[in-house]
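Here's entry04.pdb, which has PDB, C-alpha atoms:
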MODEL        1
ATOM      1  CA  ALA A1052      15.607 -15.184  25.102  1.00  0.00           C
ATOM      2  CA  ALA A1053      19.386 -15.632  25.223  1.00  0.00           C
ATOM      3  CA  ALA A1054      18.959 -18.828  27.268  1.00  0.00           C
ATOM      4  CA  ALA A1055      16.458 -20.186  24.736  1.00  0.00           C
ATOM      5  CA  ALA A1056      18.828 -19.349  21.858  1.00  0.00           C
ATOM      6  CA  ALA A1057      21.723 -21.068  23.614  1.00  0.00           C
ATOM      7  CA  GLU A1058      19.516 -24.094  24.273  1.00  0.00           C
ATOM      8  CA  ARG A1059      18.805 -24.378  20.511  1.00  0.00           C
ATOM      9  CA  GLY A1060      22.493 -23.979  19.705  1.00  0.00           C
ATOM     10  CA  ALA A1061      22.019 -20.502  18.215  1.00  0.00           C
ATOM     11  CA  ALA A1062      23.787 -17.271  18.969  1.00  0.00           C
ATOM     12  CA  PRO A1063      21.635 -14.623  20.673  1.00  0.00           C
ATOM     13  CA  GLY A1064      19.652 -12.787  18.002  1.00  0.00           C
ATOM     14  CA  ALA A1065      20.225 -15.512  15.379  1.00  0.00           C
ATOM     15  CA  LEU A1066      17.320 -16.770  13.296  1.00  0.00           C
ATOM     16  CA  CYS A1067      18.699 -20.272  12.781  1.00  0.00           C
ATOM     17  CA  SER A1068      20.898 -22.765  14.571  1.00  0.00           C
ATOM     18  CA  GLU A1069      22.804 -26.002  13.975  1.00  0.00           C
ATOM     19  CA  GLY A1070      19.859 -27.911  15.452  1.00  0.00           C
ATOM     20  CA  ASP A1071      17.245 -26.657  12.952  1.00  0.00           C
ATOM     21  CA  VAL A1072      15.424 -29.272  10.863  1.00  0.00           C
ATOM     22  CA  LEU A1073      13.520 -28.919   7.590  1.00  0.00           C
ATOM     23  CA  TRP A1074      10.199 -30.640   7.057  1.00  0.00           C
ATOM     24  CA  LEU A1075       8.241 -31.249   3.880  1.00  0.00           C
ATOM     25  CA  GLU A1076       4.527 -31.463   4.489  1.00  0.00           C
ATOM     26  CA  ASP A1077       1.152 -31.405   2.836  1.00  0.00           C
ATOM     27  CA  ASP A1078      -2.403 -32.166   3.970  1.00  0.00           C
ATOM     28  CA  SER A1079      -1.729 -35.851   4.470  1.00  0.00           C
ATOM     29  CA  MET A1080       1.821 -36.250   5.827  1.00  0.00           C
ATOM     30  CA  ARG A1081       5.024 -34.687   7.071  1.00  0.00           C
ATOM     31  CA  ILE A1082       8.571 -35.944   6.467  1.00  0.00           C
ATOM     32  CA  GLU A1083      11.933 -34.729   7.757  1.00  0.00           C
ATOM     33  CA  LEU A1084      14.342 -33.567   5.072  1.00  0.00           C
ATOM     34  CA  MET A1085      18.015 -34.450   5.327  1.00  0.00           C
ATOM     35  CA  CYS A1086      20.075 -31.829   3.494  1.00  0.00           C
ATOM     36  CA  ALA A1087      23.229 -29.755   3.782  1.00  0.00           C
ATOM     37  CA  PRO A1088      23.316 -27.491   6.868  1.00  0.00           C
ATOM     38  CA  HIS A1089      23.999 -24.379   4.771  1.00  0.00           C
ATOM     39  CA  LEU A1090      20.734 -25.043   2.939  1.00  0.00           C
ATOM     40  CA  VAL A1091      18.778 -25.288   6.192  1.00  0.00           C
ATOM     41  CA  ALA A1092      20.035 -21.824   7.162  1.00  0.00           C
ATOM     42  CA  LEU A1093      18.769 -20.346   3.867  1.00  0.00           C
ATOM     43  CA  LEU A1094      15.205 -21.661   3.979  1.00  0.00           C
ATOM     44  CA  ALA A1095      12.100 -20.633   5.881  1.00  0.00           C
ATOM     45  CA  THR A1096       8.634 -21.997   6.466  1.00  0.00           C
ATOM     46  CA  GLY A1097       5.927 -21.663   3.834  1.00  0.00           C
ATOM     47  CA  LEU A1098       8.017 -22.046   0.689  1.00  0.00           C
ATOM     48  CA  VAL A1099       6.623 -23.852  -2.335  1.00  0.00           C
ATOM     49  CA  ALA A1100       9.283 -26.283  -3.517  1.00  0.00           C
ATOM     50  CA  ALA A1101       9.840 -29.490  -5.426  1.00  0.00           C
ATOM     51  CA  VAL A1102      12.296 -31.858  -3.723  1.00  0.00           C
ATOM     52  CA  LEU A1103      14.353 -34.512  -5.499  1.00  0.00           C
ATOM     53  CA  GLY A1104      15.838 -37.331  -3.455  1.00  0.00           C
ATOM     54  CA  GLN A1105      14.944 -40.619  -1.842  1.00  0.00           C
ATOM     55  CA  ALA A1106      13.408 -41.966   1.323  1.00  0.00           C
ATOM     56  CA  THR A1107      15.696 -43.474   3.952  1.00  0.00           C
ATOM     57  CA  PRO A1108      14.995 -46.575   6.072  1.00  0.00           C
ATOM     58  CA  GLU A1109      14.638 -44.238   9.108  1.00  0.00           C
ATOM     59  CA  GLY A1110      11.605 -42.544   7.532  1.00  0.00           C
ATOM     60  CA  ARG A1111      13.421 -39.391   6.435  1.00  0.00           C
ATOM     61  CA  PHE A1112      13.998 -37.968   2.959  1.00  0.00           C
ATOM     62  CA  ARG A1113      17.566 -37.443   1.719  1.00  0.00           C
ATOM     63  CA  VAL A1114      17.550 -34.334  -0.500  1.00  0.00           C
ATOM     64  CA  ARG A1115      19.605 -34.313  -3.716  1.00  0.00           C
ATOM     65  CA  ASP A1116      18.141 -31.138  -5.205  1.00  0.00           C
ATOM     66  CA  LEU A1117      15.485 -28.469  -4.645  1.00  0.00           C
ATOM     67  CA  CYS A1118      13.476 -26.394  -7.098  1.00  0.00           C
ATOM     68  CA  PHE A1119      11.461 -23.390  -5.936  1.00  0.00           C
ATOM     69  CA  ALA A1120       8.366 -21.825  -7.419  1.00  0.00           C
ATOM     70  CA  GLN A1121       9.198 -18.538  -9.099  1.00  0.00           C
ATOM     71  CA  VAL A1122       7.185 -15.538 -10.146  1.00  0.00           C
ATOM     72  CA  PRO A1123       7.121 -15.229 -13.926  1.00  0.00           C
ATOM     73  CA  ALA A1124       8.957 -12.290 -15.466  1.00  0.00           C
ATOM     74  CA  PRO A1125       6.726  -9.280 -16.061  1.00  0.00           C
ATOM     75  CA  ILE A1126       5.291  -8.887 -19.530  1.00  0.00           C
ATOM     76  CA  GLU A1127       6.953  -6.103 -21.508  1.00  0.00           C
ATOM     77  CA  ARG A1128       4.333  -3.475 -22.273  1.00  0.00           C
ATOM     78  CA  PRO A1129       4.760  -0.314 -24.314  1.00  0.00           C
ATOM     79  CA  ARG A1130       4.842   2.828 -22.259  1.00  0.00           C
ATOM     80  CA  ALA A1131       1.664   4.826 -22.643  1.00  0.00           C
ATOM     81  CA  LEU A1132       2.103   8.330 -23.911  1.00  0.00           C
ATOM     82  CA  PRO A1133       1.151  10.924 -21.317  1.00  0.00           C
ATOM     83  CA  ARG A1134      -2.441  12.028 -21.711  1.00  0.00           C
ATOM     84  CA  ARG A1135      -4.194  15.006 -20.302  1.00  0.00           C
ATOM     85  CA  HIS A1136      -6.995  14.305 -17.888  1.00  0.00           C
ATOM     86  CA  TYR A1137      -9.832  16.664 -17.197  1.00  0.00           C
ATOM     87  CA  VAL A1138     -12.434  17.022 -14.499  1.00  0.00           C
ATOM     88  CA  ALA A1139     -15.637  18.915 -15.227  1.00  0.00           C
ATOM     89  CA  PHE A1140     -17.597  20.557 -12.436  1.00  0.00           C
ATOM     90  CA  VAL A1141     -21.091  21.170 -13.738  1.00  0.00           C
ATOM     91  CA  SER A1142     -24.203  22.482 -12.063  1.00  0.00           C
ATOM     92  CA  GLY A1143     -27.655  23.679 -13.028  1.00  0.00           C
ATOM     93  CA  LEU A1144     -28.531  20.752 -15.276  1.00  0.00           C
ATOM     94  CA  GLY A1145     -31.138  19.242 -12.986  1.00  0.00           C
ATOM     95  CA  LEU A1146     -29.543  15.788 -13.035  1.00  0.00           C
ATOM     96  CA  GLY A1147     -31.392  13.478 -10.660  1.00  0.00           C
ATOM     97  CA  ALA A1148     -33.891  16.214  -9.789  1.00  0.00           C
ATOM     98  CA  PRO A1149     -37.658  15.809  -9.899  1.00  0.00           C
ATOM     99  CA  PRO A1150     -39.411  17.140 -13.032  1.00  0.00           C
ATOM    100  CA  ALA A1151     -38.860  20.885 -13.497  1.00  0.00           C
ATOM    101  CA  ALA A1152     -41.354  23.135 -11.776  1.00  0.00           C
ATOM    102  CA  GLY A1153     -41.491  25.460 -14.824  1.00  0.00           C
ATOM    103  CA  GLY A1154     -43.290  22.910 -16.963  1.00  0.00           C
ATOM    104  CA  GLU A1155     -42.350  21.859 -20.465  1.00  0.00           C
ATOM    105  CA  ASP A1156     -40.334  25.019 -21.236  1.00  0.00           C
ATOM    106  CA  ALA A1157     -38.009  24.440 -18.233  1.00  0.00           C
ATOM    107  CA  ALA A1158     -37.649  20.762 -19.098  1.00  0.00           C
ATOM    108  CA  ALA A1159     -36.777  21.612 -22.707  1.00  0.00           C
ATOM    109  CA  SER A1160     -34.253  24.221 -21.515  1.00  0.00           C
ATOM    110  CA  LEU A1161     -32.555  21.658 -19.230  1.00  0.00           C
ATOM    111  CA  GLU A1162     -32.524  19.117 -22.057  1.00  0.00           C
ATOM    112  CA  GLU A1163     -30.899  21.659 -24.368  1.00  0.00           C
ATOM    113  CA  ALA A1164     -28.273  22.514 -21.690  1.00  0.00           C
ATOM    114  CA  ARG A1165     -27.476  18.843 -21.211  1.00  0.00           C
ATOM    115  CA  GLY A1166     -27.072  18.430 -24.977  1.00  0.00           C
ATOM    116  CA  ARG A1167     -24.635  21.379 -25.107  1.00  0.00           C
ATOM    117  CA  LEU A1168     -22.651  19.823 -22.244  1.00  0.00           C
ATOM    118  CA  ILE A1169     -22.436  16.492 -24.072  1.00  0.00           C
ATOM    119  CA  ASP A1170     -21.327  18.238 -27.284  1.00  0.00           C
ATOM    120  CA  PHE A1171     -18.682  20.200 -25.366  1.00  0.00           C
ATOM    121  CA  VAL A1172     -17.308  17.178 -23.480  1.00  0.00           C
ATOM    122  CA  LEU A1173     -17.283  14.941 -26.553  1.00  0.00           C
ATOM    123  CA  GLY A1174     -15.689  17.685 -28.643  1.00  0.00           C
ATOM    124  CA  ALA A1175     -12.939  18.166 -26.050  1.00  0.00           C
ATOM    125  CA  ALA A1176     -12.449  14.416 -25.767  1.00  0.00           C
ATOM    126  CA  LEU A1177     -12.224  13.963 -29.530  1.00  0.00           C
ATOM    127  CA  GLY A1178      -9.899  16.938 -29.953  1.00  0.00           C
ATOM    128  CA  SER A1179     -12.245  19.128 -31.963  1.00  0.00           C
TER     129      SER A1179
ENDMDL
END
Before anything else, please render the file you have as structure tokens.
Amino acid sequence: AAAAAAERGAAPGALCSEGDVLWLEDDSMRIELMCAPHLVALLATGLVAAVLGQATPEGRFRVRDLCFAQVPAPIERPRALPRRHYVAFVSGLGLGAPPAAGGEDAAASLEEARGRLIDFVLGAALGS
């Protein structure tokens, strides 16, 4: 690895060297960018950028300025007031069960129990 770094002109462990080159590319073409060496050391592959400059007779692009895509600032939202959250563990209501074995009386009893549960949960949710 040290030999490869020295071959590129980079110090061992360095991520860039004097010999690094920037390229601008899209689906249809690729062009070498000519820009200040300190800028080459700051950039990496995969950046979305707009490049201002002009083409050279050698087929390169002399960079005058760069503009990078930025994430918009987050939208200011009011802080929500803390709310209490509840979990209800309920059994014996026959939810999802086949029709009650006790006939119409058992079915009516389950229906009444479900109604009381709904009243209780809605009353707690509405603060009454």
Fill in: Residues selected by the PyMOL selection byres ((chain A and resi 1095) around 12), written as a PyMOL selection string
chain A and resi 1066-1067+1071-1075+1090-1094+1096-1100
File of the preceding selection, C-alpha atoms, as a CSV table (one decimal), in the frame of the given file:
chain,number,residue,atom,x,y,z
A,1066,LEU,CA,17.3,-16.8,13.3
A,1067,CYS,CA,18.7,-20.3,12.8
A,1071,ASP,CA,17.2,-26.7,13.0
A,1072,VAL,CA,15.4,-29.3,10.9
A,1073,LEU,CA,13.5,-28.9,7.6
A,1074,TRP,CA,10.2,-30.6,7.1
A,1075,LEU,CA,8.2,-31.2,3.9
A,1090,LEU,CA,20.7,-25.0,2.9
A,1091,VAL,CA,18.8,-25.3,6.2
A,1092,ALA,CA,20.0,-21.8,7.2
A,1093,LEU,CA,18.8,-20.3,3.9
A,1094,LEU,CA,15.2,-21.7,4.0
A,1096,THR,CA,8.6,-22.0,6.5
A,1097,GLY,CA,5.9,-21.7,3.8
A,1098,LEU,CA,8.0,-22.0,0.7
A,1099,VAL,CA,6.6,-23.9,-2.3
A,1100,ALA,CA,9.3,-26.3,-3.5
Worksheet item: At what distance in Å, to one decimal, does atom CA of A:Gly1145 lie from atom CA of A:Ile1169?
Response: 14.4 Å
Worksheet item: How far is it from atom CA of A:Thr1107 to atom CA of A:Gln1121, in Å with one decimal?
Response: 28.9 Å
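For the point (-35.8, 20.7, -18.3), the residues with at least one atom inside 12 Å, counting all atoms listed in the file, are Gly1143, Leu1144, Gly1145, Leu1146, Gly1147, Ala1148, Pro1149, Pro1150, Ala1151, Ala1152, Gly1153, Gly1154, Glu1155, Asp1156, Ala1157, Ala1158, Ala1159, Ser1160, Leu1161, Glu1162, Glu1163, Ala1164, Arg1165 and Gly1166 of chain A.
Applied to the file shown here, the PyMOL selection byres ((chain A and resi 1078-1086) around 6) selects the residues Leu1073, Trp1074, Leu1075, Glu1076, Asp1077, Ala1087, Arg1111, Phe1112, Arg1113 and Val1114 of chain A.
Nearest to A:Val1138 of all the residues A:Ala1065, A:Leu1117, A:Ala1101, A:Val1172 is A:Val1172, based on all atoms listed in the file.
One distance worth recording is that between atom CA of A:Phe1119 and atom CA of A:Val1102, which is 8.8 Å.
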Is it possible to get the axis-aligned box enclosing stretch 1069-1077 of chain A (all listed atoms, 4 Å extra per side) as JSON, with centre and edge lengths in Å rounded to one decimal?
{"center_x": 12.0, "center_y": -28.7, "center_z": 9.1, "size_x": 29.7, "size_y": 13.5, "size_z": 20.6}
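The nearest approach to A:Ala1139 among the residues A:Pro1088, A:Ser1068, A:Gly1174, A:Leu1168, with all atoms listed in the file taken into account, belongs to A:Leu1168.
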Could you write stretch 1161-1177 of chain A of the block just shown to a file containing N, CA, C and O atoms, as a tab-separated table (two decimals), in the first residue's frame?
chain	number	residue	atom	x	y	z
A	1161	LEU	N	-71.69	-9.72	25.07
A	1161	LEU	CA	-70.41	-9.29	24.47
A	1161	LEU	C	-70.55	-7.93	23.82
A	1161	LEU	O	-69.66	-7.08	23.93
A	1162	GLU	N	-71.67	-7.71	23.14
A	1162	GLU	CA	-71.90	-6.42	22.49
A	1162	GLU	C	-71.98	-5.30	23.53
A	1162	GLU	O	-71.42	-4.22	23.34
A	1163	GLU	N	-72.62	-5.56	24.64
A	1163	GLU	CA	-72.70	-4.57	25.72
A	1163	GLU	C	-71.31	-4.29	26.31
A	1163	GLU	O	-70.94	-3.14	26.56
A	1164	ALA	N	-70.49	-5.34	26.49
A	1164	ALA	CA	-69.13	-5.17	27.02
A	1164	ALA	C	-68.27	-4.37	26.05
A	1164	ALA	O	-67.49	-3.50	26.47
A	1165	ARG	N	-68.42	-4.62	24.79
A	1165	ARG	CA	-67.66	-3.85	23.79
A	1165	ARG	C	-68.07	-2.38	23.83
A	1165	ARG	O	-67.24	-1.48	23.71
A	1166	GLY	N	-69.37	-2.12	23.96
A	1166	GLY	CA	-69.86	-0.75	24.05
A	1166	GLY	C	-69.30	-0.03	25.26
A	1166	GLY	O	-68.91	1.14	25.19
A	1167	ARG	N	-69.24	-0.72	26.43
A	1167	ARG	CA	-68.66	-0.11	27.63
A	1167	ARG	C	-67.18	0.20	27.42
A	1167	ARG	O	-66.67	1.23	27.87
A	1168	LEU	N	-66.46	-0.70	26.73
A	1168	LEU	CA	-65.05	-0.46	26.44
A	1168	LEU	C	-64.89	0.78	25.57
A	1168	LEU	O	-64.06	1.65	25.85
A	1169	ILE	N	-65.70	0.89	24.54
A	1169	ILE	CA	-65.61	2.06	23.65
A	1169	ILE	C	-65.92	3.33	24.43
A	1169	ILE	O	-65.20	4.33	24.31
A	1170	ASP	N	-66.94	3.31	25.27
A	1170	ASP	CA	-67.27	4.50	26.08
A	1170	ASP	C	-66.10	4.86	26.99
A	1170	ASP	O	-65.75	6.03	27.14
A	1171	PHE	N	-65.49	3.85	27.62
A	1171	PHE	CA	-64.37	4.10	28.53
A	1171	PHE	C	-63.18	4.69	27.79
A	1171	PHE	O	-62.61	5.70	28.20
A	1172	VAL	N	-62.81	4.09	26.65
A	1172	VAL	CA	-61.64	4.55	25.91
A	1172	VAL	C	-61.89	5.94	25.35
A	1172	VAL	O	-61.02	6.83	25.45
A	1173	LEU	N	-63.07	6.17	24.77
A	1173	LEU	CA	-63.35	7.50	24.24
A	1173	LEU	C	-63.44	8.55	25.34
A	1173	LEU	O	-62.98	9.67	25.18
A	1174	GLY	N	-63.99	8.18	26.49
A	1174	GLY	CA	-64.05	9.11	27.61
A	1174	GLY	C	-62.68	9.46	28.11
A	1174	GLY	O	-62.38	10.63	28.40
A	1175	ALA	N	-61.77	8.49	28.20
A	1175	ALA	CA	-60.40	8.76	28.62
A	1175	ALA	C	-59.68	9.61	27.58
A	1175	ALA	O	-58.91	10.51	27.91
A	1176	ALA	N	-59.94	9.33	26.31
A	1176	ALA	CA	-59.27	10.06	25.24
A	1176	ALA	C	-59.74	11.51	25.17
A	1176	ALA	O	-58.98	12.41	24.85
A	1177	LEU	N	-61.02	11.72	25.48
A	1177	LEU	CA	-61.59	13.07	25.40
A	1177	LEU	C	-61.46	13.82	26.73
A	1177	LEU	O	-61.91	14.95	26.83
